[in-house]
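Enquirer: Just so it is clear, I am handing over my_file_4.txt, which has compact mmCIF, C-alpha atoms.
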```txt
# COMPACT_ATOMS: atom_id res chain seq x y z
CA MET A 1 0.00 0.00 0.00
CA GLU A 2 1.44 3.36 -1.05
CA PRO A 3 1.56 6.31 1.39
CA VAL A 4 -1.02 9.05 0.87
CA ARG A 5 -0.30 12.79 1.22
CA THR A 6 -2.45 15.93 0.99
CA CYS A 7 -1.79 18.54 -1.70
CA VAL A 8 -1.35 21.97 -0.07
CA GLY A 9 -2.87 23.62 -3.15
CA CYS A 10 -6.16 21.82 -3.69
CA ARG A 11 -6.32 20.01 -0.32
CA THR A 12 -7.11 16.62 -1.90
CA ARG A 13 -5.43 13.41 -0.87
CA ALA A 14 -3.32 11.58 -3.44
CA PRO A 15 -0.67 8.86 -3.54
CA ARG A 16 2.79 10.13 -2.72
CA SER A 17 4.03 9.26 -6.21
CA ALA A 18 1.48 11.66 -7.79
CA LEU A 19 2.70 14.65 -5.79
CA LEU A 20 5.82 16.80 -5.76
CA ARG A 21 7.65 17.37 -2.45
CA VAL A 22 8.91 20.88 -1.77
CA VAL A 23 11.21 21.99 1.07
CA SER A 24 12.46 25.39 2.19
CA ILE A 25 16.19 26.12 2.29
CA ASN A 26 17.08 29.66 3.40
CA SER A 27 13.56 30.91 2.50
CA VAL A 28 13.79 29.47 -1.03
CA LEU A 29 11.43 26.73 -2.16
CA VAL A 30 13.43 23.78 -3.46
CA ILE A 31 11.95 20.80 -5.27
CA ASP A 32 12.87 17.52 -3.59
CA GLU A 33 12.84 15.08 -6.53
CA ARG A 34 13.64 11.96 -4.51
CA ALA A 35 11.75 13.04 -1.35
CA VAL A 36 14.79 12.48 0.87
CA MET A 37 15.92 16.01 1.82
CA PRO A 38 15.90 16.74 5.55
CA GLY A 39 13.35 18.98 7.19
CA ARG A 40 9.66 19.60 6.76
CA GLY A 41 8.19 19.11 3.36
CA ALA A 42 5.04 20.24 1.62
CA TRP A 43 3.35 18.13 -1.04
CA VAL A 44 1.68 19.63 -4.11
CA HIS A 45 0.37 18.44 -7.47
CA GLU A 46 2.70 19.44 -10.28
CA THR A 47 0.07 21.65 -11.92
CA ALA A 48 -0.06 25.43 -12.24
CA LYS A 49 -3.53 25.44 -10.64
CA CYS A 50 -2.41 23.76 -7.41
CA VAL A 51 0.89 25.65 -7.13
CA ASP A 52 -0.82 29.01 -7.73
CA ALA A 53 -3.48 28.20 -5.13
CA ALA A 54 -0.82 27.23 -2.59
CA ILE A 55 1.17 30.43 -3.21
CA ARG A 56 -1.93 32.63 -3.12
CA ARG A 57 -3.18 31.08 0.15
CA ARG A 58 0.33 31.09 1.69
CA ALA A 59 -0.02 27.33 2.17
CA PHE A 60 3.71 26.69 1.68
CA VAL A 61 4.56 29.12 4.49
CA ARG A 62 2.14 27.38 6.86
CA ALA A 63 3.01 23.82 5.86
CA LEU A 64 6.76 24.40 6.09
CA ARG A 65 6.41 26.49 9.27
CA VAL A 66 8.65 29.32 8.09
CA SER A 67 8.37 32.99 8.93
CA GLY A 68 8.37 35.60 6.22
CA PRO A 69 7.91 35.25 2.47
CA LEU A 70 9.31 32.39 0.40
CA ASP A 71 11.09 32.66 -2.94
CA THR A 72 8.93 30.56 -5.28
CA GLN A 73 10.88 31.11 -8.51
CA THR A 74 12.28 27.57 -8.70
CA ILE A 75 8.88 25.88 -8.60
CA GLU A 76 7.36 28.44 -10.99
CA LYS A 77 10.21 27.89 -13.49
CA ARG A 78 9.65 24.13 -13.29
CA LEU A 79 5.98 24.55 -14.17
CA ASN A 80 6.80 26.86 -17.07
CA GLY A 81 9.13 24.27 -18.61
CA TYR A 82 12.47 25.57 -17.35
CA GLY A 83 14.56 23.25 -15.23
CA ASN A 84 12.94 20.04 -16.45
CA LYS A 85 14.99 16.89 -16.34
CA VAL A 86 17.38 16.60 -19.25
CA ASN A 87 18.42 13.22 -20.67
CA GLY A 88 16.97 11.36 -17.70
CA SER A 89 19.03 13.22 -15.10
CA LYS A 90 17.71 13.56 -11.58
```
Give the structure from this file in structure tokens form.
Expert:
Amino acid sequence: MEPVRTCVGCRTRAPRSALLRVVSINSVLVIDERAVMPGRGAWVHETAKCVDAAIRRRAFVRALRVSGPLDTQTIEKRLNGYGNKVNGSK
């Protein structure tokens, strides 16, 4: 049985493999591809709708328990097609 997580954007439950884990390092959102980085993580569907909802509702700030604003450029670039995996790299 696969673990289930809740998307911070749309608040629906989904299998862990269907969601993207995001962590905060020095107030910058970093995508955790392998879901092994230390610290608190937030789970979100890899869709613009869910990511935008999470940013708008400040869900990442609450889920990651950080104070102050977060730099969301890395996750926004990923959704826009920049920073995708190249040649199967991780």
Enquirer: Quick one: distance from CA of Ala59 in chain A to CA of Val8 in chain A in Å, one decimal?
Expert: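 Computed distance, CA of Ala59 in chain A to CA of Val8 in chain A, equals 6.0 Å.
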Enquirer: Give me, please, the distance in Å between CA of Gly9 in chain A and CA of Ala53 in chain A, quoted to one decimal.
Expert: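 If I compute the distance from CA of Gly9 in chain A to CA of Ala53 in chain A, I get 5.0 Å.
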Enquirer: Near Asn26 in chain A, within 12 Å and counting only C-alpha atoms, which residues show up once chain neighbours fewer than 4 positions away are dropped, as a count of residues only?
Expert: 10
Enquirer: Please report the interatomic distance between CA of Val28 in chain A and CA of Phe60 in chain A in Å with one decimal.
Expert: 10.8 Å
Enquirer: In terms of the shortest atom-to-atom distance over all atoms listed in the file, which of A:Val36, A:Leu29, A:Ala42, A:Arg62 is closest to Lys77 in chain A?
Expert: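 With all atoms listed in the file as the atom set, the closest residue is A:Leu29.
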Enquirer: Write out as a PyMOL selection string which residues come within 12 Å of Glu76 in chain A when counting all atoms listed in the file, dropping same-chain ones fewer than 2 positions away.
Expert: chain A and resi 28-31+46-52+54-55+71-74+78-84
Enquirer: Would you be able to write out as a ChimeraX atom specification which residues have an atom within 9 Å of (11.6, 20.0, -1.3) in the file's coordinates, counting only C-alpha atoms?
Expert: /A:20-25,29-43
Enquirer: Can you work out which one of A:Glu2, A:Ala14, A:Cys7, A:Leu19 has the shortest atom-to-atom distance to Ala63 in chain A, counting all atoms listed in the file?
Expert: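 Nearest candidate to Ala63 in chain A out of A:Glu2, A:Ala14, A:Cys7, A:Leu19: A:Cys7.
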Enquirer: Calculated over all atoms listed in the file, which of the candidates A:Pro3, A:Ser27, A:Arg57, A:Ala18 has the smallest distance to His45 in chain A?
Expert: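 Once distances to His45 in chain A are computed over all atoms listed in the file, the minimum belongs to A:Ala18.
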Enquirer: Using all atoms listed in the file for the distances, tell me which of A:Val44, A:Arg56, A:Cys10, A:Met1 is nearest to Ile75 in chain A.
Expert: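 Among the listed residues, the smallest separation from Ile75 in chain A belongs to A:Val44.
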